[in-house]
>>> print(open('upload_38.csv').read())   # CSV, C-alpha atoms and all ligand atoms
chain,number,residue,atom,x,y,z
A,1,MET,CA,87.3,109.6,124.2
A,2,ALA,CA,89.9,107.7,122.2
A,3,PHE,CA,91.8,104.4,122.3
A,4,PRO,CA,95.4,104.5,120.9
A,5,PHE,CA,96.4,101.7,118.5
A,6,GLN,CA,98.6,100.2,121.2
A,7,ARG,CA,96.5,98.5,123.9
A,8,GLN,CA,98.9,99.3,126.8
A,9,GLU,CA,98.7,103.0,126.1
A,10,PRO,CA,96.3,105.1,128.2
A,11,ILE,CA,92.8,105.9,126.9
A,12,ARG,CA,92.3,109.7,126.1
A,13,LEU,CA,89.3,111.3,127.7
A,14,ALA,CA,87.8,114.7,127.2
A,15,VAL,CA,84.6,116.1,128.8
A,16,PRO,CA,82.8,118.3,126.3
A,17,ALA,CA,81.6,121.7,127.5
A,18,ARG,CA,78.5,121.3,125.4
A,19,THR,CA,76.9,118.4,123.6
A,20,LEU,CA,74.4,118.4,120.8
A,21,SER,CA,72.4,115.3,120.3
A,22,LEU,CA,71.0,114.3,117.0
A,23,GLU,CA,68.0,112.0,116.5
A,24,GLU,CA,69.1,108.5,115.7
A,25,THR,CA,69.0,109.0,111.9
A,26,PRO,CA,71.2,106.7,109.8
A,27,ASP,CA,72.2,109.6,107.6
A,28,HIS,CA,73.8,112.8,108.7
A,29,ARG,CA,71.3,115.1,106.9
A,30,ARG,CA,70.5,117.1,110.0
A,31,LEU,CA,74.2,117.6,110.8
A,32,LEU,CA,75.0,118.5,107.3
A,33,ALA,CA,72.2,121.1,107.2
A,34,SER,CA,74.1,122.9,109.9
A,35,VAL,CA,77.4,122.7,108.2
A,36,PRO,CA,77.9,125.6,105.8
A,37,THR,CA,79.7,124.9,102.4
A,38,PRO,CA,83.3,126.0,102.9
A,39,SER,CA,84.1,129.1,101.0
A,40,ALA,CA,87.0,128.9,98.5
A,41,LYS,CA,89.3,130.9,100.8
A,42,SER,CA,88.7,129.3,104.1
A,43,GLY,CA,92.0,128.1,105.4
A,44,GLU,CA,93.1,127.0,102.0
A,45,PRO,CA,96.9,126.7,101.5
A,46,GLY,CA,98.4,128.5,98.5
A,47,ALA,CA,101.2,126.0,98.3
A,48,PHE,CA,101.9,122.6,99.8
A,49,ALA,CA,104.4,119.8,99.7
A,50,LEU,CA,103.8,116.1,100.2
A,51,ARG,CA,106.4,113.6,101.4
A,52,PRO,CA,105.9,110.0,102.4
A,53,SER,CA,107.7,109.3,105.7
A,54,GLU,CA,109.1,106.2,104.3
A,55,PRO,CA,109.9,105.7,100.6
A,56,PRO,CA,107.1,103.8,98.8
A,57,GLU,CA,109.7,101.1,97.7
A,58,GLN,CA,110.5,100.5,101.3
A,59,TRP,CA,106.8,100.1,102.2
A,60,CYS,CA,106.4,97.6,99.3
A,61,GLY,CA,109.3,95.6,100.7
A,62,SER,CA,107.5,95.4,104.0
A,63,VAL,CA,104.3,94.3,102.3
A,64,ALA,CA,106.2,91.5,100.5
A,65,ASP,CA,107.8,90.5,103.9
A,66,ALA,CA,104.4,90.4,105.7
A,67,ALA,CA,102.9,88.3,102.8
A,68,ARG,CA,105.7,85.8,103.1
A,69,ALA,CA,105.1,85.6,106.9
A,70,VAL,CA,101.5,84.8,106.1
A,71,ARG,CA,102.5,82.1,103.5
A,72,ARG,CA,104.8,80.6,106.1
A,73,GLY,CA,101.8,80.2,108.4
A,74,GLU,CA,103.1,82.6,111.1
A,75,LEU,CA,99.8,84.6,111.0
A,76,ARG,CA,96.7,85.0,108.9
A,77,LYS,CA,96.8,88.8,108.3
A,78,ALA,CA,98.8,91.9,109.1
A,79,VAL,CA,97.8,95.5,108.5
A,80,LEU,CA,100.7,97.7,107.3
A,81,ALA,CA,100.3,101.5,107.3
A,82,ARG,CA,102.0,104.4,105.7
A,83,ARG,CA,102.5,108.0,106.8
A,84,ILE,CA,102.4,110.9,104.4
A,85,GLN,CA,103.6,114.3,105.6
A,86,MET,CA,102.1,117.5,104.2
A,87,GLU,CA,103.6,121.0,104.7
A,88,CYS,CA,101.5,124.0,103.8
A,89,ASP,CA,102.3,127.7,103.6
A,90,THR,CA,99.4,128.6,105.9
A,91,ASP,CA,97.9,127.0,109.0
A,92,ILE,CA,95.6,124.1,108.3
A,93,GLN,CA,92.2,124.7,110.0
A,94,PRO,CA,90.8,121.4,111.4
A,95,SER,CA,87.2,122.8,111.3
A,96,VAL,CA,87.5,123.6,107.6
A,97,VAL,CA,88.9,120.1,106.9
A,98,LEU,CA,86.0,118.6,108.9
A,99,ARG,CA,83.4,120.5,106.9
A,100,ARG,CA,84.8,119.4,103.6
A,101,LEU,CA,84.8,115.8,104.8
A,102,ALA,CA,81.2,116.1,105.9
A,103,HIS,CA,80.3,117.2,102.4
A,104,SER,CA,82.2,114.3,100.6
A,105,PHE,CA,81.5,111.6,103.2
A,106,PRO,CA,78.0,112.3,104.6
A,107,SER,CA,77.6,108.8,106.0
A,108,ALA,CA,81.0,108.5,107.6
A,109,TYR,CA,81.8,108.9,111.3
A,110,LEU,CA,83.3,112.4,111.4
A,111,PHE,CA,85.7,113.5,114.1
A,112,SER,CA,88.0,116.3,115.1
A,113,ALA,CA,89.5,115.6,118.5
A,114,PHE,CA,92.8,115.1,120.2
A,115,GLY,CA,94.5,116.6,117.1
A,116,LEU,CA,93.1,114.0,114.7
A,117,VAL,CA,90.6,114.9,112.0
A,118,GLY,CA,88.9,112.3,109.8
A,119,ALA,CA,85.9,110.7,108.2
A,120,SER,CA,85.9,107.0,109.1
A,121,PRO,CA,83.5,104.5,107.4
A,122,GLU,CA,84.2,101.9,110.1
A,123,LEU,CA,82.2,101.4,113.3
A,124,LEU,CA,84.0,99.5,116.1
A,125,LEU,CA,81.0,99.4,118.4
A,126,ALA,CA,77.9,101.3,119.2
A,127,LYS,CA,75.7,100.5,122.1
A,128,ARG,CA,72.2,101.7,123.2
A,129,GLY,CA,70.7,99.9,126.1
A,130,ARG,CA,71.3,96.2,125.4
A,131,ARG,CA,71.6,96.6,121.6
A,132,VAL,CA,75.0,96.7,120.0
A,133,GLU,CA,76.2,97.2,116.5
A,134,SER,CA,79.5,96.9,114.7
A,135,ARG,CA,80.3,97.7,111.0
A,136,ALA,CA,83.4,95.8,109.9
A,137,LEU,CA,85.3,96.7,106.7
A,138,ALA,CA,88.1,94.9,105.0
A,139,GLY,CA,88.7,94.4,101.3
A,140,THR,CA,89.0,97.4,99.0
A,141,ILE,CA,88.8,98.5,95.4
A,142,ARG,CA,88.7,102.0,93.9
A,143,ARG,CA,85.5,103.5,92.4
A,144,GLY,CA,85.0,103.3,88.7
A,145,GLY,CA,84.8,106.4,86.5
A,146,ASP,CA,81.3,105.4,85.2
A,147,ALA,CA,78.4,103.2,86.4
A,148,GLU,CA,79.5,100.2,84.3
A,149,SER,CA,83.2,100.2,85.3
A,150,ASP,CA,82.1,100.8,89.0
A,151,ARG,CA,79.9,97.7,88.9
A,152,ARG,CA,82.6,95.7,87.3
A,153,LEU,CA,85.1,96.7,90.0
A,154,ALA,CA,82.5,95.9,92.7
A,155,SER,CA,81.9,92.4,91.3
A,156,TRP,CA,85.6,91.9,91.0
A,157,LEU,CA,85.9,92.7,94.7
A,158,GLN,CA,83.2,90.3,95.6
A,159,GLU,CA,84.9,87.5,93.6
A,160,SER,CA,88.4,88.3,94.9
A,161,GLY,CA,89.8,85.4,97.0
A,162,LYS,CA,92.4,87.7,98.5
A,163,ASN,CA,89.9,90.4,99.6
A,164,GLN,CA,87.4,87.7,100.9
A,165,GLU,CA,90.2,86.3,103.0
A,166,GLU,CA,91.1,89.7,104.4
A,167,HIS,CA,87.4,90.1,105.3
A,168,ARG,CA,86.8,86.7,106.7
A,169,VAL,CA,89.6,87.1,109.3
A,170,LEU,CA,87.9,90.3,110.5
A,171,ARG,CA,84.3,88.9,110.5
A,172,GLU,CA,85.3,85.9,112.5
A,173,ALA,CA,87.3,88.0,115.1
A,174,VAL,CA,84.4,90.5,115.6
A,175,LEU,CA,81.8,87.6,116.0
A,176,ASP,CA,84.1,85.7,118.4
A,177,ALA,CA,84.7,88.8,120.6
A,178,LEU,CA,81.0,89.6,121.0
A,179,THR,CA,79.2,86.3,120.9
A,180,SER,CA,79.6,85.1,124.5
A,181,SER,CA,78.2,88.4,125.8
A,182,THR,CA,75.0,88.2,123.7
A,183,THR,CA,71.6,86.5,123.7
A,184,TRP,CA,71.5,86.7,119.9
A,185,ILE,CA,73.9,88.0,117.2
A,186,LYS,CA,73.2,88.6,113.5
A,187,ALA,CA,75.6,89.3,110.6
A,188,ASN,CA,75.1,89.2,106.9
A,189,GLU,CA,76.4,85.8,105.5
A,190,ARG,CA,78.2,87.4,102.5
A,191,PRO,CA,79.8,90.8,102.8
A,192,GLU,CA,77.9,93.7,101.3
A,193,THR,CA,79.7,96.3,99.1
A,194,LEU,CA,80.0,99.7,100.8
A,195,LYS,CA,80.5,102.5,98.2
A,196,LEU,CA,82.3,105.6,99.4
A,197,ALA,CA,83.3,108.6,97.3
A,198,ASN,CA,86.8,107.3,96.6
A,199,VAL,CA,86.8,103.5,97.3
A,200,GLN,CA,84.5,100.5,97.8
A,201,HIS,CA,84.8,98.0,100.6
A,202,LEU,CA,83.5,94.6,101.7
A,203,MET,CA,81.4,95.2,104.8
A,204,THR,CA,79.7,93.0,107.4
A,205,ARG,CA,77.1,94.6,109.7
A,206,VAL,CA,76.9,92.9,113.1
A,207,ARG,CA,73.9,93.5,115.3
A,208,ALA,CA,73.3,91.8,118.7
A,209,GLU,CA,71.5,92.0,121.9
A,210,LEU,CA,73.6,91.8,125.1
A,211,LYS,CA,72.9,89.5,128.0
A,212,ALA,CA,71.5,91.2,131.1
A,213,ASP,CA,74.9,90.8,132.9
A,214,HIS,CA,77.0,91.9,129.9
A,215,PRO,CA,80.4,93.5,130.3
A,216,PRO,CA,80.4,97.3,130.3
A,217,PHE,CA,80.6,99.2,126.9
A,218,LEU,CA,84.3,100.1,127.2
A,219,ARG,CA,85.2,96.5,128.1
A,220,LEU,CA,83.4,95.2,125.1
A,221,ALA,CA,85.1,97.8,122.9
A,222,ALA,CA,88.5,96.9,124.4
A,223,MET,CA,87.8,93.2,123.6
A,224,LEU,CA,87.3,94.1,120.0
A,225,HIS,CA,90.2,96.6,119.7
A,226,PRO,CA,92.3,96.5,117.6
A,227,THR,CA,90.3,94.4,115.2
A,228,PRO,CA,92.0,92.7,112.2
A,229,ALA,CA,90.8,95.7,110.1
A,230,VAL,CA,93.7,97.7,111.5
A,231,CYS,CA,96.0,95.2,113.2
A,232,GLY,CA,95.7,91.7,111.8
A,233,TRP,CA,95.3,88.2,113.3
A,234,PRO,CA,96.3,86.6,115.6
A,235,ARG,CA,96.6,89.9,117.3
A,236,ASP,CA,99.8,89.4,119.2
A,237,LYS,CA,101.6,88.1,116.2
A,238,ALA,CA,100.3,91.0,114.0
A,239,TYR,CA,101.5,93.5,116.6
A,240,GLU,CA,104.9,91.9,116.4
A,241,VAL,CA,105.0,92.1,112.6
A,242,ILE,CA,103.8,95.7,112.6
A,243,GLU,CA,106.5,96.6,115.2
A,244,ARG,CA,109.2,95.0,113.1
A,245,LEU,CA,108.1,96.3,109.7
A,246,GLU,CA,106.7,99.7,110.5
A,247,GLY,CA,108.7,100.6,113.6
A,248,TRP,CA,106.9,103.9,114.4
A,249,ASP,CA,104.2,104.8,116.9
A,250,ARG,CA,100.8,104.9,115.4
A,251,GLY,CA,99.4,107.0,118.3
A,252,LEU,CA,95.7,107.3,117.8
A,253,TYR,CA,95.7,106.1,114.2
A,254,GLY,CA,94.2,102.6,114.1
A,255,GLY,CA,92.6,103.2,117.4
A,256,ALA,CA,89.0,104.1,118.2
A,257,LEU,CA,87.3,107.4,118.8
A,258,GLY,CA,83.9,108.5,119.9
A,259,TRP,CA,81.7,109.1,122.9
A,260,VAL,CA,80.5,107.2,126.0
A,261,ASP,CA,77.8,108.5,128.4
A,262,ALA,CA,77.0,107.9,132.1
A,263,GLU,CA,74.3,105.3,131.2
A,264,GLY,CA,77.0,103.0,129.6
A,265,ASN,CA,76.0,103.8,126.0
A,266,GLY,CA,78.4,104.9,123.4
A,267,CYS,CA,79.7,104.9,119.9
A,268,LEU,CA,83.3,104.4,118.8
A,269,CYS,CA,84.5,104.5,115.2
A,270,VAL,CA,87.8,103.0,114.0
A,271,THR,CA,90.3,105.9,113.5
A,272,ILE,CA,91.2,105.6,109.8
A,273,ARG,CA,90.9,108.0,106.9
A,274,CYS,CA,92.4,110.7,109.1
A,275,ALA,CA,95.3,113.1,109.6
A,276,GLU,CA,97.0,114.6,112.6
A,277,ILE,CA,97.2,118.4,112.2
A,278,HIS,CA,99.8,120.7,113.8
A,279,GLY,CA,99.7,124.2,112.4
A,280,LYS,CA,101.1,124.2,108.9
A,281,ASN,CA,101.8,120.4,109.0
A,282,ALA,CA,99.6,117.4,108.7
A,283,THR,CA,100.4,113.7,108.9
A,284,MET,CA,98.1,111.4,106.9
A,285,TYR,CA,97.8,107.8,107.8
A,286,VAL,CA,96.7,104.9,105.6
A,287,GLY,CA,97.0,101.1,105.9
A,288,ASN,CA,96.1,97.9,104.2
A,289,GLY,CA,95.4,94.3,105.2
A,290,ILE,CA,98.1,92.0,104.0
A,291,VAL,CA,97.4,88.3,103.4
A,292,ALA,CA,99.2,85.5,101.5
A,293,ASP,CA,98.4,86.8,98.0
A,294,SER,CA,98.9,90.5,98.5
A,295,ASP,CA,100.9,92.2,95.7
A,296,PRO,CA,103.0,95.1,96.9
A,297,LYS,CA,102.4,97.3,93.9
A,298,GLU,CA,98.6,96.8,94.1
A,299,GLU,CA,98.7,97.5,97.8
A,300,LEU,CA,100.6,100.7,97.2
A,301,ALA,CA,97.9,101.8,94.7
A,302,GLU,CA,95.2,100.9,97.3
A,303,THR,CA,96.8,103.2,99.8
A,304,ARG,CA,96.7,106.0,97.2
A,305,ALA,CA,93.0,105.4,96.5
A,306,LYS,CA,92.3,105.5,100.3
A,307,LEU,CA,94.2,108.8,100.6
A,308,GLY,CA,91.6,110.2,98.2
A,309,ALA,CA,89.5,110.8,101.3
A,310,ILE,CA,91.6,112.9,103.6
A,311,LEU,CA,94.0,114.5,101.1
A,312,PRO,CA,91.5,116.5,99.1
A,313,ALA,CA,89.9,117.7,102.3
A,314,LEU,CA,93.3,119.1,103.5
A,315,ILE,CA,94.0,120.9,100.2
A,316,ALA,CA,90.5,121.4,98.7
A,317,PRO,CA,91.7,121.3,95.1
B,1,LIG,C1,93.5,100.5,107.7
B,1,LIG,C2,92.8,101.2,106.9
B,1,LIG,O1,91.6,100.7,106.4
B,1,LIG,C3,91.2,99.4,106.7
B,1,LIG,C4,91.7,98.4,105.7
B,1,LIG,C5,91.0,97.9,104.7
B,1,LIG,C6,91.6,97.0,103.6
B,1,LIG,O2,92.8,96.6,103.8
B,1,LIG,O3,90.9,96.6,102.7
B,1,LIG,C7,89.7,98.3,104.5
B,1,LIG,C8,89.0,99.1,105.4
B,1,LIG,C9,89.7,99.4,106.7
B,1,LIG,O4,89.2,98.5,107.6
B,1,LIG,C10,93.1,102.6,106.5
B,1,LIG,O5,92.3,103.2,105.8
B,1,LIG,O6,94.1,103.1,107.0
>>> encode(input="upload_38.csv", output="structure tokens", more="lines below")
Ligand SMILES: C=C(O[C@@H]1C=C(C(=O)O)C=C[C@H]1O)C(=O)O
Amino acid sequence: MAFPFQRQEPIRLAVPARTLSLEETPDHRRLLASVPTPSAKSGEPGAFALRPSEPPEQWCGSVADAARAVRRGELRKAVLARRIQMECDTDIQPSVVLRRLAHSFPSAYLFSAFGLVGASPELLLAKRGRRVESRALAGTIRRGGDAESDRRLASWLQESGKNQEEHRVLREAVLDALTSSTTWIKANERPETLKLANVQHLMTRVRAELKADHPPFLRLAAMLHPTPAVCGWPRDKAYEVIERLEGWDRGLYGGALGWVDAEGNGCLCVTIRCAEIHGKNATMYVGNGIVADSDPKEELAETRAKLGAILPALIAP
């Protein structure tokens, strides 16, 4: 099932013909073991062209506009996204893209559903019995080329006031949304650094136990969605800024995708690091949190670093 980014749009639901259940392992080793290494030829385009839907300069202008709105005190954070179109000379095979993602991002939430393929590092909400978990990400820097520069970049991220503010807004919103439904709730005081193949993020893991009369899983997820990781805060104001500055329909990007079962358990990741695939065409989506000190050029570079997840999986260089 999937939630679109827009809260008023209907939820998508699919009933699988077959389900395979993995043990609750934190890594995906068992899944990976069943995913063969893609062969060089499998669905690989001979030629492709990339085109951003909006010129990068225009997106940078929107970033500057959103940062000014934050400085004027209209909101604390807005997430602005870009769309990059890819056209290939052969059909893009979603299953091949998914396998490549599984190899590069073994700990991510992998999905190929409703035309969207991706590897998201972000968990909106998982529930088993009365235990819930969320993994909130905001604040980003690229990976370093060697261990030393990688460590330097990670400590820069931890010291960056701009990135800490992006993260704080998210942390507070997730804790606020869940706390009244829980008997206890735990979150790391300072964000951890999550290292992915292409970027590193500030991360807060939230774990909680729900009260006996807690709201159902989908209601809890709907209370969280969309978090400031993909929308901003306050939510209504951020929706307004996104509508004004982006002006296109995000569809399932910036939504949530995963499974729910008849016992009221489920797991929904945030639909980021993904592309919509239609035959020879793909649309990649990528967004950044914008706060008072966001610099348009640096934000543009950050979107390019984040694209380092889905883009290589589409073209397998
Ligand atoms: C919105 C996206 O990513 C989100 C934005 C982040 C940021 O601005 O630092 C970090 C992780 C994600 O929560 C995306 O990848 O499209």
>>> atom_distance(input="upload_38.csv", atom1="CA of Glu172 (chain A)", atom2="CA of Ala292 (chain A)")
17.7 Å
>>> residues_near_ligand(input="upload_38.csv", ligand="ligand LIG 1 (chain B)", cutoff="9 Å", atoms="all atoms listed in the file", output="compact mmCIF listing (two decimals) with C-alpha atoms, keeping the file's coordinate frame")
# COMPACT_ATOMS: atom_id res chain seq x y z
CA VAL A 79 97.80 95.50 108.50
CA LEU A 80 100.70 97.70 107.30
CA ALA A 81 100.30 101.50 107.30
CA ARG A 82 102.00 104.40 105.70
CA SER A 120 85.90 107.00 109.10
CA PRO A 121 83.50 104.50 107.40
CA GLU A 122 84.20 101.90 110.10
CA ALA A 136 83.40 95.80 109.90
CA LEU A 137 85.30 96.70 106.70
CA ALA A 138 88.10 94.90 105.00
CA GLY A 139 88.70 94.40 101.30
CA THR A 140 89.00 97.40 99.00
CA ILE A 141 88.80 98.50 95.40
CA ASN A 163 89.90 90.40 99.60
CA GLU A 166 91.10 89.70 104.40
CA HIS A 167 87.40 90.10 105.30
CA LEU A 170 87.90 90.30 110.50
CA GLN A 200 84.50 100.50 97.80
CA HIS A 201 84.80 98.00 100.60
CA LEU A 202 83.50 94.60 101.70
CA MET A 203 81.40 95.20 104.80
CA THR A 227 90.30 94.40 115.20
CA PRO A 228 92.00 92.70 112.20
CA ALA A 229 90.80 95.70 110.10
CA VAL A 230 93.70 97.70 111.50
CA CYS A 231 96.00 95.20 113.20
CA TYR A 253 95.70 106.10 114.20
CA GLY A 254 94.20 102.60 114.10
CA VAL A 270 87.80 103.00 114.00
CA THR A 271 90.30 105.90 113.50
CA ILE A 272 91.20 105.60 109.80
CA ARG A 273 90.90 108.00 106.90
CA CYS A 274 92.40 110.70 109.10
CA TYR A 285 97.80 107.80 107.80
CA VAL A 286 96.70 104.90 105.60
CA GLY A 287 97.00 101.10 105.90
CA ASN A 288 96.10 97.90 104.20
CA GLY A 289 95.40 94.30 105.20
CA ILE A 290 98.10 92.00 104.00
CA GLU A 299 98.70 97.50 97.80
CA GLU A 302 95.20 100.90 97.30
CA THR A 303 96.80 103.20 99.80
CA LYS A 306 92.30 105.50 100.30
CA LEU A 307 94.20 108.80 100.60
>>> atom_distance(input="upload_38.csv", atom1="CA of Gly161 (chain A)", atom2="CA of Ser294 (chain A)")
10.5 Å
>>> closest_residue(input="upload_38.csv", among="A:Gly247, A:Arg18, A:Ile92, A:Ser53", to="Gly279 (chain A)", atoms="only C-alpha atoms")
A:Ile92
>>> atom_distance(input="upload_38.csv", atom1="CA of Ala256 (chain A)", atom2="CA of Phe5 (chain A)")
7.8 Å
>>> residues_near_point(input="upload_38.csv", point="(83.6, 109.1, 124.3)", cutoff="10 Å", atoms="all atoms listed in the file", output="number ranges by chain")
A: 1-3, 12-16, 218, 256-261, 265-268
>>> closest_residue(input="upload_38.csv", among="A:His103, A:Lys297, A:Arg151, A:Lys162", to="Ser62 (chain A)", atoms="all atoms listed in the file")
A:Lys297
